$ cat entry_11.pdb   # PDB, C-alpha atoms
ATOM      1  CA  MET R   1      85.406-108.208 -76.081  1.00  0.00           C
ATOM      2  CA  GLY R   2      84.106-110.360 -73.271  1.00  0.00           C
ATOM      3  CA  SER R   3      86.356-108.636 -70.753  1.00  0.00           C
ATOM      4  CA  ALA R   4      85.120-105.211 -71.878  1.00  0.00           C
ATOM      5  CA  ILE R   5      81.476-106.291 -71.704  1.00  0.00           C
ATOM      6  CA  ASN R   6      82.029-107.721 -68.219  1.00  0.00           C
ATOM      7  CA  ARG R   7      83.294-104.294 -67.172  1.00  0.00           C
ATOM      8  CA  GLY R   8      80.170-102.591 -68.475  1.00  0.00           C
ATOM      9  CA  LEU R   9      81.862-100.828 -71.399  1.00  0.00           C
ATOM     10  CA  THR R  10      79.757 -99.875 -74.410  1.00  0.00           C
ATOM     11  CA  PHE R  11      81.038 -99.960 -77.983  1.00  0.00           C
ATOM     12  CA  ARG R  12      79.393 -97.918 -80.714  1.00  0.00           C
ATOM     13  CA  MET R  13      80.408 -98.727 -84.256  1.00  0.00           C
ATOM     14  CA  ALA R  14      79.189 -98.027 -87.757  1.00  0.00           C
ATOM     15  CA  GLN R  15      80.156 -98.892 -91.283  1.00  0.00           C
ATOM     16  CA  THR R  16      80.947 -96.374 -93.969  1.00  0.00           C
ATOM     17  CA  PRO R  17      79.080 -97.121 -97.211  1.00  0.00           C
ATOM     18  CA  VAL R  18      82.254 -96.805 -99.300  1.00  0.00           C
ATOM     19  CA  GLN R  19      81.057 -99.087-102.089  1.00  0.00           C
ATOM     20  CA  ARG R  20      77.941 -96.957-102.534  1.00  0.00           C
ATOM     21  CA  TYR R  21      79.816 -93.683-103.052  1.00  0.00           C
ATOM     22  CA  LEU R  22      83.114 -94.832-104.570  1.00  0.00           C
ATOM     23  CA  PRO R  23      82.004 -94.827-108.247  1.00  0.00           C
ATOM     24  CA  GLN R  24      80.643 -91.259-107.953  1.00  0.00           C
ATOM     25  CA  LEU R  25      83.751 -90.101-106.135  1.00  0.00           C
ATOM     26  CA  MET R  26      86.111 -91.647-108.680  1.00  0.00           C
ATOM     27  CA  ALA R  27      84.130 -90.082-111.548  1.00  0.00           C
ATOM     28  CA  ARG R  28      84.398 -86.630-109.960  1.00  0.00           C
ATOM     29  CA  ILE R  29      88.133 -87.099-109.421  1.00  0.00           C
ATOM     30  CA  ALA R  30      88.557 -88.177-113.068  1.00  0.00           C
ATOM     31  CA  LYS R  31      86.669 -85.051-114.240  1.00  0.00           C
ATOM     32  CA  GLY R  32      88.920 -82.846-112.124  1.00  0.00           C
ATOM     33  CA  GLU R  33      86.048 -81.690-109.903  1.00  0.00           C
ATOM     34  CA  ILE R  34      87.803 -83.000-106.799  1.00  0.00           C
ATOM     35  CA  ASP R  35      91.555 -82.968-106.146  1.00  0.00           C
ATOM     36  CA  PRO R  36      92.421 -85.516-103.437  1.00  0.00           C
ATOM     37  CA  SER R  37      96.162 -84.796-103.601  1.00  0.00           C
ATOM     38  CA  PHE R  38      95.986 -82.598-100.480  1.00  0.00           C
ATOM     39  CA  VAL R  39      95.582 -85.766 -98.421  1.00  0.00           C
ATOM     40  CA  ILE R  40      99.121 -86.897 -99.272  1.00  0.00           C
ATOM     41  CA  THR R  41     101.242 -84.561 -97.216  1.00  0.00           C
ATOM     42  CA  HIS R  42     104.595 -86.331 -97.572  1.00  0.00           C
ATOM     43  CA  ARG R  43     106.398 -88.734 -99.883  1.00  0.00           C
ATOM     44  CA  ALA R  44     109.318 -90.774 -98.577  1.00  0.00           C
ATOM     45  CA  SER R  45     111.520 -93.782 -99.118  1.00  0.00           C
ATOM     46  CA  LEU R  46     111.286 -96.962 -97.066  1.00  0.00           C
ATOM     47  CA  GLU R  47     114.564 -96.039 -95.399  1.00  0.00           C
ATOM     48  CA  GLN R  48     112.801 -93.032 -93.860  1.00  0.00           C
ATOM     49  CA  GLY R  49     110.112 -95.289 -92.343  1.00  0.00           C
ATOM     50  CA  PRO R  50     111.394 -95.333 -88.746  1.00  0.00           C
ATOM     51  CA  GLU R  51     111.749 -91.542 -88.713  1.00  0.00           C
ATOM     52  CA  LEU R  52     108.244 -91.106 -90.137  1.00  0.00           C
ATOM     53  CA  CYS R  53     106.814 -93.516 -87.572  1.00  0.00           C
ATOM     54  CA  ASN R  54     108.279 -91.401 -84.767  1.00  0.00           C
ATOM     55  CA  THR R  55     106.931 -88.224 -86.349  1.00  0.00           C
ATOM     56  CA  PHE R  56     103.397 -89.689 -86.484  1.00  0.00           C
ATOM     57  CA  ARG R  57     103.655 -91.000 -82.946  1.00  0.00           C
ATOM     58  CA  ASP R  58     104.786 -87.617 -81.653  1.00  0.00           C
ATOM     59  CA  LYS R  59     102.143 -85.785 -83.746  1.00  0.00           C
ATOM     60  CA  LYS R  60     104.709 -83.546 -85.435  1.00  0.00           C
ATOM     61  CA  ASP R  61     104.710 -81.852 -88.807  1.00  0.00           C
ATOM     62  CA  GLY R  62     100.975 -82.034 -89.635  1.00  0.00           C
ATOM     63  CA  ARG R  63     101.288 -85.348 -91.444  1.00  0.00           C
ATOM     64  CA  ILE R  64      98.040 -86.740 -92.780  1.00  0.00           C
ATOM     65  CA  LYS R  65      99.073 -89.411 -95.264  1.00  0.00           C
ATOM     66  CA  VAL R  66     102.517 -90.526 -96.374  1.00  0.00           C
ATOM     67  CA  VAL R  67     103.261 -92.417 -99.572  1.00  0.00           C
ATOM     68  CA  MET R  68     106.362 -94.554 -99.251  1.00  0.00           C
ATOM     69  CA  ASN R  69     108.273 -95.629-102.330  1.00  0.00           C
ATOM     70  CA  PRO R  70     110.061 -98.994-102.010  1.00  0.00           C
ATOM     71  CA  ARG R  71     112.877 -97.852-104.322  1.00  0.00           C
TER      72      ARG R  71
END
$ encode --input "entry_11.pdb" --output "structure tokens"
Amino acid sequence: MGSAINRGLTFRMAQTPVQRYLPQLMARIAKGEIDPSFVITHRASLEQGPELCNTFRDKKDGRIKVVMNPR
């Protein structure tokens, strides 16, 4: 950080109030009002990890979130 400040760089950061909204969000998911499953775009095994890493790096295939199963 010191090096960045010495170069005159400005950082702007904020916190997301997750704890404030999480109970309401979870309740709406439980009621079926919100379906978050669209966020998980792919499911894969751990063996596919290197391939998935390359796909993310190269911004291929529209991947948003991958769930990896250790088995």
$ closest_residue --input "entry_11.pdb" --among "R:Met68, R:Arg28, R:Asn6, R:Gln15" --to "Gly49 (chain R)" --atoms "only C-alpha atoms"
R:Met68
$ closest_residue --input "entry_11.pdb" --among "R:Ala14, R:Ser3, R:His42, R:Gln48" --to "Asp61 (chain R)" --atoms "all atoms listed in the file"
R:His42
$ closest_residue --input "entry_11.pdb" --among "R:Val18, R:Leu25, R:Cys53, R:Ile5" --to "Val66 (chain R)" --atoms "all atoms listed in the file"
R:Cys53
$ closest_residue --input "entry_11.pdb" --among "R:Arg7, R:Glu33, R:Arg20, R:Pro70" --to "Glu47 (chain R)" --atoms "all atoms listed in the file"
R:Pro70
$ residues_around --input "entry_11.pdb" --residues "Thr41 (chain R)" --least-positions-apart "2" --cutoff "12 Å" --atoms "only C-alpha atoms" --output "VMD selection string"
chain R and resid 36 to 39 43 to 44 52 61 to 68
